[in-house]
Structures are given as structure tokens and as C-alpha cells.
Amino acid sequence: MSVNNNINFFEKLSTRLFTPLVVIFIFVIIILIVYVPSVTQKHTIKAAISTADNTVRQYKNIRSYYTKNVIEKVLSTSDVTTNYDHEGEDKVIPLPATFIHEISEDFTKQGIIAIKLYSPYPFPNRKNRALDSFANDAWSALNNNGDKIFSQVDTINGKQVVRVAIADTMTQQACVNCHNTHPNTPKNDWQLTDVRGILEVQVPIEEQLMDASTLNGEITLIVITSVSSTVVLLFMMFKRLVSRRLKSVHDALQGIASRDESLSQSLIETKKDEIGQLAQGYNRMLQSINDNSSKVQGREWLDSGIAEINSIIQHFQDKSQVSNKLLSHLVRFLDGHLGALYWQEEDRLIPYATFALEKQLTKLNAIKLGEGLVGQVALDKKIMRITTVPQDYYEISSSFGEVKPQSFIIFPIIYNDKVIAIIELAWLEETPDKAVKFLETASEVLAISFININQNEKVLTMLKESQVQSEELQTQQEELRVTNEALSYKTQAIKKQQTILEHANQEMEKKATALEEASKYKNEFLANMSHELRTPLNSLLILSRSLAQNDDNNLSDDEVESAVVIQESGRSLLELINEILDLSKVEAGQMKVIADTLVIDDFVSMLERRFTHMAEDKKIIFTITLADNLPDLFIIDGAKLNQIITNLLSNALKFTEQGEVKLDISYKQEQAGESTSNQQLYFCVTDTGIGIPEDKYHEIFGAFQQVDGTTSRTYGGTGLGLSIALSFAKLLNGDITVESEVGKGSQFTLRLPYIPAMDMSEQVESTELISNNTKQNLVCLPPPFEDDRNRLDPTKKLILIVEDDVPFARIVFHACHQQHCQAIVATDGESGLVLANQYPVDGIVLDYMLPKLDGGEVAKYIRSNQKLKHIQIHLVSALDNIDTMDIAGINDKSTKPIAHHRLIEIVESFSKEKNSLNILIIENDKNALYAMNKLLAKENVTASGVDNAHEALTLLKENTYDAIILDLDLPEVSGFEFLELASSIPDLTLPTVFIYSGRDMSEDDLLRLAPFTGNVIVKSARSPERLLDEIHLFANQVANIPTIGAGILSANNQLSATTDTCSGNHPNVDFVNRTILLVDDDMRNTFALAKVLRKEKLKVIIASSGQQCLDMLEEHSDIELILMDIMMPTMDGYEAMNKIREQEAFKDITIIAVTANAMQGDKEKCLTAGANDYMSKPVDIGQLLTMMKLWL
Amino acid sequence: MVINLAKELSILDEQQITEELRTENIEIDLLISAIKAKIGYDLSGYARASIKRRFGQLAIDENVKYIGELIPKLLHSHQCQSNFINRLTVNVSALFRHPISFLSLRETILPYLASFPRRDIWIAGCATGEEAYSMAILLEEVGLLNNTQIHATDINTDVLKQAQTGVLTKGLNKEDAARYQASGGTLSLSHYFSTAYNKQKLSQHLLDHISFSHHNVLQDKVFCSAQLVMCRNVMIYFDLNTQNSALSLFHNSLVQNGYLVIGEKESLLNSPFNNVLKTINEPAKIYQRKSIENV
């Protein structure tokens, strides 16, 4: 810096001062160099010219003298002539010119300045003397200017000369004359003052010039030397006197400016001149600056310390970080050597930072107020200075040794009279005063900063908390929103349903009201009608009758006959009306069925009374016969029965002209033998009437129809009767059938159920039966004999017997008791349903032919009832075709007659329940076996247990089992071996295998089991439950599939499409015995896939991890293709493929990747990792095989 | 959201608001299609409100005024593409969340699963991994860890990377410990973590039993047979149809008698799966597969 300064300094000042000098100096030199030489040269030339002039004059003088004194005299006195050619001529003297010429020549040879004379008019002997350019120029210049001088500097022979040409003027007449008269004269009209020729003098100036230049040089040199030495001298003097001193002042000033310590010194000045004074002034200034700057430094130091504190606070938010940085800064700043920083938190001082302490921060304890020096300071809130530290107080150590601190201070940072923090600092020497001063000054800043930090910390914590909370809130909101959405969705759905319901309700109400009204109307109508119709009719009948009777005998026969006709017509009309009303009543469902007791004899009597007369009238034999076994009374709706029979009989009588009409009443059982049957009453009306063609059987029961429209005309009647009769019969759960032969007669048979009369006290009140519409309260009739309903035993199975054949019911009842079951009995379907609902029935023996509801309908009702649908139903029936009938809902059926042992079987089957599984348990631990049996006892399972494999194999061969529960650790032959043995027996298909073992399964174990089963249950706390679950699932599966497939339950279907579609019967030739490697960590999937592939005659090796895959590749050299699952733990498919491709041997082996990822880009990823092709899950077998064919 | 706020402040009138909302909806639909076409993720099954909020946040982050402006960004910037999905599917996760479920697992379910020789447990939507860690800890405490493989998957590759490290994003705190206790924890939670650089990392032994992979429950297929599938607070963002398809995936990934655990605020009540899966513990949201057939 100072050097540069120097240079700068010099440049400026000296430049200003000495530049003019130097400029002048240079100027002078230039003059010397340029100007002087030319001046000198001019002088030289001038001198040369004057010399030349002199010379010419001399010569001219000489020539004139010669001319005058020699030539004139000679010529005038002698015969000597003048000629230029005088050599060797005695009488010839040179011409003056010649004289000059030759002398010049001589002189020239001698080096003396000579003259040349020439002219454009030379004498012949000189004609060959060429005139050079100078000469010509000179001639032109001087020809007419005789006084002038023409000169030129020229170089002759390498030397500089001045050629001076002076006109040679003829001044003397003599010359003129001579020149004019000379025989060889070139020109003869010379005149006086003509210029005859040029007189040239060549004055060498070379030497002069050289001298001059030497002189110049010397002068120049002298001048330069003198001037430069003057300058230098001046310069040095200047430097010494002025510039150096100024420079030191300047440097000193610079020093101050740049705060360079080395230059900030007082200047030493001895002289008292201006610069001296300047220096003094500077010294004084320096002094004051120093004073100031030390003050400033002091403050700066303080400020820097505080600024650093501030910056630390700014940059670090974390309390411990700040503490560390702060303490470190303070210790260094104050030249300390040890430090510790405590924050006050809840009346304790917690150490947050240490400096050079050997004790780690984590080992320092919190200090309570008043505890130790630090605690005391916290309490006192005053600084503590310890200046003499006891010898063994502490040691500061470094790598090179240990030393004891000399002093330390404990300084509290206080704000608002609260101690925020305590700083402890130690020094190896005395505590510097500035340290304390600093701490005092900085205290407030520190306090505020510390408080800020605390605040910041709090804020940060709160911020974090609030962030977390807001996240949680957001999630909660999200969840709420979702719930809300779900709720609103539901509400909407509900609303929709509500609206629909409302609409439906409204509709229903409307319909109900309409219906009500309609029925009300109908009732009213009927009531009215019947009244309206009957009333006039009544009158008509009464009157006509009285007319017919003719009591007054005032009518003619014709009139009487007419009255009779009227009466009969009226009666017919009445009949018709009654029938119509009846029919409509039946159709309106208003016909009531009243069960009352009918005494058969009374009934018969009544009929006889009614019809005998009519028959006699027609001369027809009318007989009524009763069967022997007919009971005396029974329950029936007597009125209706009456109507039906009446109708049949009246028809019979009507359509019979002659012969007989028979009524046979019998009580029939459908079939003979032990079997039960419906007890039916038969009313058979046989006549020998006109008969009915077969194809009209159905029609006659249609309302208002007779065989043909004409019969009514012949036989009367509206044809309503039969239809009413039939509807009544149906109403009573009976039927009317007809057999007839045209011309021979007809037989109408009314069949009605026989309901034996019983104690009135047991009658259940009957309610209205609204047929064709909804069934309301069902009628439950009492059992035909005492059954078990009042003495139920919950430990015994309860069978419901629905059978109207009482003897048979009794037999079944006893059979149940034989099998230690209980039974309740119903004789009709309705009662059966009621009982099924009321009692906890385990099985139903159901007859098909039942009154009111037949067996099929009962079964339907039971199956559609949630509560009852699972109950076993065994259908029995006498019907021939029951085997072929497809009756839904029943579990099994038998035809009557039923053998006794079969009955026992049926009852037994209830206690066993249908579809029980047959399970073989192979377990050698007696207790475990016992436990399992107990477990399965409650299930629909028949379990047989063995404790060794040999027995198991034997049993397997002899019996069919649905499933096997197999322990692995068996004596002699292990579970594994058992499986292998069993599967190798030809014609023996292993059923589903459940492994139930306490063994800790290894990978190898699982692999070994894989070909046989995927169901492995490890004995553990809830394994019995699991076992049951699996059995249940299995049972369900079995129940749903008509034929139980042998072997394994299907794995989670990661395989799609059937396996049969691909190769059909012929194994694919390409695949036979070729080896592929299957890599998948999911054993089930692997096994299932392997099975399929093995079917195709492929050899399949399985690996369950990436590493295993690599191992397998090494072990088996014949692997041609690899199916690689992508998602595997530890080493995924990508990595495995990479590793495979890295090996030279497997660079080209075919790898097909199998992945669940369906994203675009996944295929590329597979291919990049080394796969040749790609298959996505679920794997389509057909596709896979095609792909494999391609690659193999 | 701005629009909603404006609505609240009645700055815009009804007409304008409706029009703005309509436009916003159009933009949202377009962005969803763009994402589907460009990246392949189908967000149309996510609940609308949550998508709207997320897009709005993305718009703010990407410094654009309208959601529609995100479309060119998505289409032309690879950076954006990988960012979008990650930011659209961020999930908050915590250790032993909804402790009742874990307690029920410990007391009832895991003893049942002990009867399987090998267990595969799939945790779908594992986010930063806390759920998988909790499961590992639980398994360790009941002694079933050794033969169990936990498959943790998520759609978001960023959080997967984080989860894979085993390092907790937030340090262990009192609430974590409390939930652990409520889950039946017998030791102390910190026992399973090692501390370094102010972070907690799950012990390696446990971490070894967890594999992390990328999987999209809406588009990818079944990849393992699991005895237990846990998917919590993922379906909360789906609409009903998507929920059903996810449930179908989970159902089919379960072995027979395997269990499904869903989130505290989730429910099967609106789904046909309510009749397919047997409810084991409704408050704990645990269900069991009882059918043989896949649905």
C-alpha cells in the first residue's frame, strides 16, 4: 500500500512541477538537434558560397591580370597567339579561360579549391564536356542575371559540396573582342556584360558540416548534461526538502485514513519551515485522532460483541443452539477460557451450554435458587467476581496439559428484576475489566434477546401444535364431510323411499277406500238386490200358490194350470236368484263356512223327505245308502253340504227319465294297508240319465252352462247349480268329480274331508277365511291325539308330524319316541305351520295330500319363512308320482307305504341332519383327539378318529370321507409321508385335507404340503375356532356344489378362466417335459398355477423369493423359462430380473413378468428390468400358455 | 375457495357465483381428465370436495390464478407430473391411530391369525409408514412377527421413500405413547426406536419384516393373499362406487376367514359389502371374509 502510495504521490506532484521543466528541456534539445544543424548548415553553405565567391573573384582577378598584363601585352607585341590548345606550342599561350581551366584542374588534383568553367557555347575542344543538370540550371538562372549567384548542395564522390555558380560576365571589351574574333569561337556576337559562361566553384562542405555537427553534438551534449544535471539536482533537492517530508505527512495521513498502525506515528520534524509546521499540525491531529479512535474502538468492540449476539439470536431459533453459540462467542470475545450458560425455567437453573468444560452438558444438573455460587447469584441478582480461584477448584485441559483458571465471574442476566439466565465465565488470568463492562452493557440486550428466545420457543411450540391441530382438524373435517355426505346420501335415499312409500300408501289408501266402497256397494247391492228381488217374488209366489190352490174353486183348469205355471216359474226364478246371490257371495268371498256337527241320519232323512216325492212322480227309484263304517256324526258345514247334495240330486232327477237315482255316502280311505291316508267322505250320486259327453265334463261346471244350450229348454234350470255346488265343495276343501256315459247315466262324486267330531271344549274359534286374498290368522286345529306339545324336553329333538291320516300319524309319533325324540302332530297344513312357528321344531314329516294346504305349499311357506327355512322336511305321500314330482324345499321324500325301518331312518336322519360331513381325524394325541371330537360334536359332522397313518390309509381305502384333519407329527409315518403315500395309491382320491398341527412350520414344510393342500392351521389360542370356520366354509362349499371335487379348495382366485379350455385331451407337445421356474412369494397362488402347468406336462420348479430364484437357476440347468412375480418382499421382481441378466449364462433366458400393477409404464419398467414379456394379474391361463408357447 | 369466501362476503352476486362455480367445475373435470390421460391416475373416483380443495392448494403453490392453468403445467412439465400425484395424495399418518382397532387386533384377531403358518398382512395406503410400524410392533409383542410379512403400499412415491427409511417424520410424543398404551402395549414405545440426529428410527429387526411397494388401489390388481388387510383413511376420499371397487379388491385379496380393518370414520353401511363381510367388531372397524367366491 505504501509503495503504491509513494508512486502515486510522486507522480502527481513531480509531474506537476517537473513536467514543464522537462518539456522545456526537450524543447531545447529538439532545437539543438533540429534547428541548430540546419542553421549551421546554412552558415556553412553561406561560408562556402562566400568562399566560392572569393575564389571566383580571385580567379577572375587572376584571369583579368593575366588577360591584361599578359595576353594584351603578349598579343600586342608578339606573334604569340592565345589558344586553348597550347600544349607544346611555343608560340601559343593559353587563353585566359584555358589558363583558369588548367590551373583549376591542377588545383583540383591537389585538392585545392578550383574553378570550373563551362558554357553552353564551349570551344570545340570542350564540346564533349557535357553540361550536367546543375550546369544547365545554373545557366538558365544566371544567363540573364549576371549578378546572381546560383548555388546547390550536391554530393560528389560521396562528399557533400556546395556548388556555387557565378556568371562569367565579360566586363572587358578586349574579352568581348577576342571571343568574337577567335577562330574557334562558338559564338561571335558577344557583347559587353554578356554572360560568357559559368564559373563554378565546388566548395566541399563535408568537413565543415561534420565539424559543425560535432560541434552541435558537443554543444547538445553539454546542454543536455547541464540541463539534466540541473534538473536532477533540483529534483533531489526538491525531494529531500519537500516531497519526502510531504510524503511522510501524506503517508501518516494515509495511515490514519487506512488505519494502518505502522504509519500512525507522530512525524519527526526538525525544520521549522512550512512543511515543518505542516508536520506539527499533523502531529497534533494525530494525537486527537488516536484519542478518539481508542474511544471508538472501545465502543466498537462493545458494539461488535453485541452485534454478534444479535446476529446469533437472529440466525438460530433453537434454544440450545443459541445458548451454545452465544456462550462460545462470549467466552472468546471476552478472552475467556471456560464458560457455562444456564437458563432459568420455573425457579431452577437449567444448563443449556458449556464451553471447554469436561463435564458434558447432559451430566450437569439443574441448579436450584440459592444452591451453590450460581444459585446464589440467581438469588442475589448481582454479579459475582472471584479473583483468586482456589488451587484445586478446576482445571482447564487441552491436549498439551492442564492449567487452572485464575478468575471467574458469575453474571446474571436480569430483566424487570427477574433472572432470565446466568452466565459463568472463567479466565486463566485476571478478569479483564472490559469483560465486566461488556457484560454490564450487553446485559440488557442479552436479557431481551433471551426473553425473545423464550417467547419464540413458546411461539414455535404453539405453532407446531396448531399446525398439528389444523392437520387433525382438516382430517376430521374430511371425515365429517364424508360422514355428512354418507348421511345426506342416506337421507336422500330415505326421502326417496319415503316419497315412494307415501305414494304407495296413498295409492293403497285410494284402492282400499275404493275397495271398501266397492264392497260396501256390492254388499248393499246384494242386500238390496236380494231384498228387492225377493220381495216381489215372494208376493208372486204366495199369490200364485193361492191361485193354484184354487180354494174358492172359481178358476178354470186352464187358469189353475196357468197359476201353477206362474208359481213354478216364480219358484224357478227364486231359485235362480238364490243361486246367483250365492254364487256372487262365494265369489265375493263372503261366503262363510260354518263348522257344525252333522248327524248323518238326520241328513239322510231330510233328503229322503225332499226327493222321494219327486222321484216317485217321475217313477224313478231313489235310494240312499250309507256305508257301514260311516261314523254317525262329523264336522261339516251342513247347509252347504245340503245345497250341494240337493243340487246334485235334483240334477240327477231332472236329467233322468227312467231308472234310478242313487246316493251313496261312504267314508273311504284312499289306499288299503297300513299306510295312512286322507280321511274323506264320499257322496256319490248315480243316475241313469242322459249322461254327459266326456269333453263336456269341464264345461258343465262353468256357470250358466249346460251341456248344450238346449237342455235348459227341455230340462229347465239355469245351469248355475253345478257351479255353485263346485265352489261350495272347494270352499269345504273338497271336490266334485264326474263320470258319465252318454245315454247310460252319470255319476257325480262329492268328496269332502272328514273331520271327526270332538269335544267342543277343544274347539278353537274359527275366523273368517277370505279365500284368494290374504290369509290372516291361521286356524290351528287340535291334534288328533295327545302329543308332546305340553311336555317339551329341550334335550330331545322335536319332530313335527303333519299328516291327516291319524293312524299313520300315530305310528310316526311312536317311531319318534323310539328314537328318543319328541313329536307334535297336525292334521292339516295350516295347523302345521302354526305349530312350526310356535315350537322349536327340528324336523318335519310332511304329508303331501293335506286338507286346505297341500304338502308342497306347506314346504313353500316354511322355506320362505326366515325363522323356519333351515328345518329339515321329509315328505311322505301315497301319490304314485311323488318321485317324479319336483317339490321345492324338501330335503327328502318317501312314498307310502313306508316300511318301519325306513321310518326309523327318517327319524334318525333328523337327529343327524342331512348333509353332515364325514371327516377323518388323524391325530395321535389322545387329548387333542378328544377335544376335536367334542368340538365337532355340535356340528353337522361325523368324525372318526385314528392315531396313526396306517390305520388312516386303511380307513381311506374302505370309506369315503369328505375331509381329513391331519396332524403332521405322527408316530412312524409322519403326516407328510402319509400324504405322499395316500396320493400314490391308484384309484384313491384324497379328499380335502386340513392340516392341524402344533408344529412351527418352516418354508420347506409348506412347500412339501403345497401339492396336497393349502389349508394349514397352526394350533394356537383360537385355532379351534379357525378349524370350525374352515369346516363350515368347506361344508357350505360342499352343499353348493353337487359333486364334491376331490382335492384342494380353490385359492384366492388369482387365476381366471378354466383350465380345461386350453389343451383339451392332448397335452401340448411343445410343453412335454420342459422345465420352467415359477417365482412368487404367495404359496397358494404358486401352487394353483403350478398344478395347472403340471397338467400341461410341464416340469415346474417353485421359488418363493428373488434369492431362491437365483439359487434355483444355479441348481437346475435345464430351466428354460421363468415366470417372475414382481411384488415380492426383500428382493422384488425387478431386482431379481436385473441380477439374472447380469449373469452371462442367463442373459438370454426367457422371463415373463407377472404383476398386479396395471399402470401404463409398468410394462416398460418390466421390460427395462429384463423381462421378455409381461402378464398382468389376474393371470388368464389360456393367455399365459399361449405366451409361453411363443417363448419356449 | 376464493369463490366460496366471496360468496360468504356477498361480494359477487348469485349469478356471477353460479357461473364461476360452473367454470371451476369444468376446469376440475378437465384437469382430472388431463391427469388421467397423461399420467394414468384416475381421480374421478375421489370425493369431489376433497379434490377441489387439493387442486386449489396446488394452484396456490404453483402460483396460478385458475385451476385450469394447472393443465398446461401438467402436460408439459415432467417435474409437475411427478409432483402432482404426490401432492394430491398426501396423507397424515400416526402411530397406533384409533387404538381400539389395535387393541382388538391384539386380543382377538391376531390370536386367530396365529393359526396360520405364514401370515401376509397388507397395509394399503401406508403413507409415511406409521401404520406399518405399529403393526410390526404389535406383531412383535404378540410373538407373531417372525412368520409374518407386512406389505405396505401407497400410491405416493415420495411418502413411500420416507416410509422405507423407517424414520419418523415427527418425533415421539406423549400422545403417541398414550395411544400405544391404549392399544395394549406392554413395553414403552421408545423401546422400538433408536434416536439419532434428533430423529427416531424403527429398529431394523422390525423394519426387515416390512416391504414397501407402489400400488394404486383403484387401478392395480390383487397381488397377494393376505390374512389381514388394513386400509384406513384412504377410502374416505373416494366416492361410493370407487369405495366399492376398492372394497372388492380388498375382499378378493383376503384368504377365507381373513380380516379387513378400515378407518374409524369409514363404514360399510352404504356398501353391498355390508352383507358380504361379517362384522366382527364395529367400533374397531374389523370385518371378516366369509365367502368363498370372489366378488
# chains A, B, ... in the order shown; residues from 1 in each chain; ligands from 1
$ residues_around --residues "Gln57 in chain B" --least-positions-apart "5" --cutoff "10 Å" --atoms "only C-alpha atoms" --output "PDB file with N, CA, C and O atoms, in the first residue's frame"
ATOM      1  N   MET B   1     -62.089 -21.865  -3.530  1.00  0.00           N
ATOM      2  CA  MET B   1     -62.286 -21.443  -2.153  1.00  0.00           C
ATOM      3  C   MET B   1     -62.493 -19.955  -2.080  1.00  0.00           C
ATOM      4  O   MET B   1     -63.249 -19.458  -1.275  1.00  0.00           O
ATOM      5  N   ILE B  51     -61.056 -33.222  -3.732  1.00  0.00           N
ATOM      6  CA  ILE B  51     -60.271 -32.938  -4.934  1.00  0.00           C
ATOM      7  C   ILE B  51     -60.214 -31.431  -5.165  1.00  0.00           C
ATOM      8  O   ILE B  51     -59.149 -30.872  -5.432  1.00  0.00           O
ATOM      9  N   LYS B  52     -61.350 -30.795  -5.001  1.00  0.00           N
ATOM     10  CA  LYS B  52     -61.419 -29.352  -5.231  1.00  0.00           C
ATOM     11  C   LYS B  52     -60.442 -28.634  -4.312  1.00  0.00           C
ATOM     12  O   LYS B  52     -59.681 -27.759  -4.736  1.00  0.00           O
ATOM     13  N   GLU B  62     -48.479 -23.466  -7.141  1.00  0.00           N
ATOM     14  CA  GLU B  62     -47.872 -23.277  -8.446  1.00  0.00           C
ATOM     15  C   GLU B  62     -48.039 -21.850  -8.942  1.00  0.00           C
ATOM     16  O   GLU B  62     -47.651 -21.529 -10.062  1.00  0.00           O
ATOM     17  N   ASN B  63     -48.632 -21.045  -8.098  1.00  0.00           N
ATOM     18  CA  ASN B  63     -48.724 -19.620  -8.414  1.00  0.00           C
ATOM     19  C   ASN B  63     -49.586 -19.312  -9.627  1.00  0.00           C
ATOM     20  O   ASN B  63     -49.235 -18.473 -10.456  1.00  0.00           O
ATOM     21  N   ILE B  67     -57.536 -22.880 -11.635  1.00  0.00           N
ATOM     22  CA  ILE B  67     -57.192 -24.305 -11.639  1.00  0.00           C
ATOM     23  C   ILE B  67     -56.873 -24.769 -13.059  1.00  0.00           C
ATOM     24  O   ILE B  67     -56.016 -25.621 -13.274  1.00  0.00           O
ATOM     25  N   ARG B  87     -48.599 -34.666  -4.407  1.00  0.00           N
ATOM     26  CA  ARG B  87     -49.227 -33.685  -3.556  1.00  0.00           C
ATOM     27  C   ARG B  87     -50.727 -33.851  -3.476  1.00  0.00           C
ATOM     28  O   ARG B  87     -51.357 -33.356  -2.574  1.00  0.00           O
ATOM     29  N   LEU B  88     -51.283 -34.543  -4.434  1.00  0.00           N
ATOM     30  CA  LEU B  88     -52.715 -34.761  -4.377  1.00  0.00           C
ATOM     31  C   LEU B  88     -53.079 -35.883  -3.430  1.00  0.00           C
ATOM     32  O   LEU B  88     -54.233 -36.072  -3.097  1.00  0.00           O
TER      33      LEU B  88
END
$ interface_residues --of "chain A" --to "chain B" --cutoff "7 Å" --atoms "only C-alpha atoms" --output "PyMOL selection string"
chain A and resi 479+482+1001+1016-1023+1026+1052+1082+1127+1129-1130+1156-1160+1177
$ residues_around --residues "Leu1167 in chain A" --least-positions-apart "3" --cutoff "12 Å" --atoms "only C-alpha atoms" --output "PyMOL selection string"
chain A and resi 1126+1133-1134+1137-1138+1141+1150-1154+1161-1164+1170-1175
$ residues_around --residues "Ile85 in chain B" --least-positions-apart "5" --cutoff "10 Å" --atoms "only C-alpha atoms" --output "PyMOL selection string"
chain B and resi 35+39+41+43+80+90+155-158
$ select_by_dssp --residues "range 62-281 of chain B" --states "helix (DSSP H, G or I)" --output "PyMOL selection string"
chain B and resi 67-76+78-88+99-113+130-142+145-147+157-165+174-182+189-192+204-207+235-237+240-253+273-276
$ atom_distance --atom1 "CA of Leu428 in chain A" --atom2 "CA of Lys404 in chain A"
6.7 Å
$ residues_around --residues "Asn144 in chain A" --least-positions-apart "2" --cutoff "12 Å" --atoms "only C-alpha atoms" --output "PyMOL selection string"
chain A and resi 138-142+146-149+166-169+193-198
$ write_last_selection --atoms "all heavy atoms" --output "compact mmCIF listing (two decimals), in the first residue's frame"
# COMPACT_ATOMS: atom_id res chain seq x y z
N ALA A 138 22.10 26.29 -63.65
CA ALA A 138 22.85 27.50 -63.34
C ALA A 138 22.79 28.47 -64.52
O ALA A 138 22.60 29.69 -64.34
CB ALA A 138 24.29 27.13 -63.01
N TRP A 139 23.00 27.94 -65.72
CA TRP A 139 22.97 28.76 -66.90
C TRP A 139 21.63 29.46 -67.04
O TRP A 139 21.64 30.67 -67.31
CB TRP A 139 23.28 27.90 -68.14
CG TRP A 139 23.21 28.69 -69.38
CD1 TRP A 139 22.23 28.73 -70.34
CD2 TRP A 139 24.17 29.68 -69.83
NE1 TRP A 139 22.49 29.62 -71.34
CE2 TRP A 139 23.73 30.23 -71.03
CE3 TRP A 139 25.43 30.12 -69.32
CZ2 TRP A 139 24.40 31.19 -71.73
CZ3 TRP A 139 26.08 31.10 -70.05
CH2 TRP A 139 25.60 31.63 -71.23
N SER A 140 20.58 28.68 -66.91
CA SER A 140 19.25 29.29 -67.03
C SER A 140 19.06 30.36 -65.99
O SER A 140 18.53 31.43 -66.28
CB SER A 140 18.12 28.27 -66.86
OG SER A 140 18.56 26.98 -66.96
N ALA A 141 19.58 30.11 -64.78
CA ALA A 141 19.38 31.08 -63.72
C ALA A 141 20.21 32.32 -63.92
O ALA A 141 19.77 33.43 -63.65
CB ALA A 141 19.72 30.44 -62.38
N LEU A 142 21.46 32.10 -64.39
CA LEU A 142 22.39 33.23 -64.40
C LEU A 142 22.49 33.90 -65.76
O LEU A 142 23.13 34.93 -65.90
CB LEU A 142 23.79 32.74 -64.00
CG LEU A 142 23.85 32.19 -62.56
CD1 LEU A 142 25.21 31.57 -62.33
CD2 LEU A 142 23.57 33.26 -61.56
N GLY A 146 23.30 38.28 -64.40
CA GLY A 146 24.74 38.12 -64.22
C GLY A 146 25.22 38.37 -62.81
O GLY A 146 26.27 37.90 -62.42
N ASP A 147 24.43 39.04 -62.05
CA ASP A 147 24.93 39.37 -60.71
C ASP A 147 24.62 38.30 -59.70
O ASP A 147 25.12 38.31 -58.58
CB ASP A 147 24.30 40.67 -60.24
CG ASP A 147 24.61 41.80 -61.21
OD1 ASP A 147 25.71 41.77 -61.78
OD2 ASP A 147 23.68 42.62 -61.41
N LYS A 148 23.76 37.48 -60.10
CA LYS A 148 23.30 36.49 -59.12
C LYS A 148 24.29 35.38 -58.92
O LYS A 148 25.19 35.16 -59.71
CB LYS A 148 21.97 35.90 -59.60
CG LYS A 148 20.85 36.92 -59.62
CD LYS A 148 19.92 36.63 -58.45
CE LYS A 148 18.81 37.56 -58.35
NZ LYS A 148 18.37 38.63 -58.63
N ILE A 149 24.02 34.74 -57.87
CA ILE A 149 24.82 33.54 -57.60
C ILE A 149 23.86 32.34 -57.53
O ILE A 149 22.83 32.42 -56.88
CB ILE A 149 25.57 33.66 -56.27
CG1 ILE A 149 26.49 34.88 -56.33
CG2 ILE A 149 26.32 32.38 -55.94
CD1 ILE A 149 27.18 35.21 -55.03
N ILE A 166 28.79 31.15 -60.57
CA ILE A 166 28.74 32.61 -60.73
C ILE A 166 28.84 32.92 -62.21
O ILE A 166 29.62 32.29 -62.93
CB ILE A 166 29.87 33.29 -59.96
CG1 ILE A 166 29.63 32.96 -58.48
CG2 ILE A 166 29.91 34.78 -60.20
CD1 ILE A 166 30.71 33.49 -57.58
N ALA A 167 28.12 33.86 -62.58
CA ALA A 167 28.16 34.18 -64.02
C ALA A 167 29.50 34.75 -64.40
O ALA A 167 30.06 35.60 -63.71
CB ALA A 167 27.03 35.16 -64.34
N ASP A 168 29.96 34.25 -65.50
CA ASP A 168 31.21 34.82 -66.02
C ASP A 168 30.83 35.91 -67.01
O ASP A 168 30.60 35.65 -68.20
CB ASP A 168 32.02 33.69 -66.65
CG ASP A 168 33.44 34.15 -67.05
OD1 ASP A 168 33.86 35.26 -66.69
OD2 ASP A 168 34.12 33.34 -67.74
N THR A 169 30.81 37.14 -66.54
CA THR A 169 30.39 38.22 -67.40
C THR A 169 31.62 38.83 -68.08
O THR A 169 32.66 38.99 -67.48
CB THR A 169 29.71 39.33 -66.57
OG1 THR A 169 28.98 38.71 -65.52
CG2 THR A 169 28.78 40.13 -67.39
N THR A 193 29.03 42.78 -71.08
CA THR A 193 28.13 42.32 -69.97
C THR A 193 27.33 41.08 -70.30
O THR A 193 26.47 40.68 -69.54
CB THR A 193 27.16 43.44 -69.53
OG1 THR A 193 26.17 43.66 -70.52
CG2 THR A 193 27.86 44.69 -69.15
N ASP A 194 27.65 40.45 -71.42
CA ASP A 194 27.07 39.14 -71.67
C ASP A 194 27.68 38.11 -70.77
O ASP A 194 28.86 38.21 -70.43
CB ASP A 194 27.29 38.73 -73.12
CG ASP A 194 26.10 39.14 -73.99
OD1 ASP A 194 25.06 39.58 -73.41
OD2 ASP A 194 26.21 38.97 -75.20
N VAL A 195 26.90 37.21 -70.46
CA VAL A 195 27.42 36.10 -69.63
C VAL A 195 28.00 35.07 -70.54
O VAL A 195 27.32 34.49 -71.40
CB VAL A 195 26.31 35.44 -68.80
CG1 VAL A 195 26.81 34.23 -68.03
CG2 VAL A 195 25.72 36.45 -67.85
N ARG A 196 29.34 34.97 -70.42
CA ARG A 196 30.07 34.09 -71.33
C ARG A 196 29.94 32.64 -70.88
O ARG A 196 29.79 31.75 -71.70
CB ARG A 196 31.53 34.52 -71.36
CG ARG A 196 32.47 33.57 -72.16
CD ARG A 196 32.09 33.55 -73.62
NE ARG A 196 32.87 32.53 -74.37
CZ ARG A 196 32.52 31.23 -74.50
NH1 ARG A 196 31.39 30.77 -73.92
NH2 ARG A 196 33.34 30.38 -75.15
N GLY A 197 29.98 32.48 -69.62
CA GLY A 197 29.92 31.09 -69.11
C GLY A 197 29.70 31.10 -67.61
O GLY A 197 29.43 32.12 -67.00
N ILE A 198 29.78 29.93 -67.12
CA ILE A 198 29.56 29.76 -65.69
C ILE A 198 30.88 29.46 -65.04
O ILE A 198 31.63 28.59 -65.51
CB ILE A 198 28.59 28.60 -65.43
CG1 ILE A 198 27.27 28.80 -66.18
CG2 ILE A 198 28.35 28.43 -63.93
CD1 ILE A 198 26.43 29.93 -65.68
$ select_by_dssp --residues "range 83-269 of chain B" --states "strand (DSSP E or B)" --output "number ranges by chain"
B: 119-124, 148-154, 167, 193-196, 199-202, 210-214, 226-231, 238, 254-262
$ residues_around --residues "Gly185 in chain B" --least-positions-apart "4" --cutoff "8 Å" --atoms "only C-alpha atoms" --output "number ranges by chain"
B: 138, 141, 180-181, 189
$ residues_around --residues "Ile275 in chain A" --least-positions-apart "5" --cutoff "8 Å" --atoms "only C-alpha atoms" --output "VMD selection string"
chain A and resid 242 245 to 246
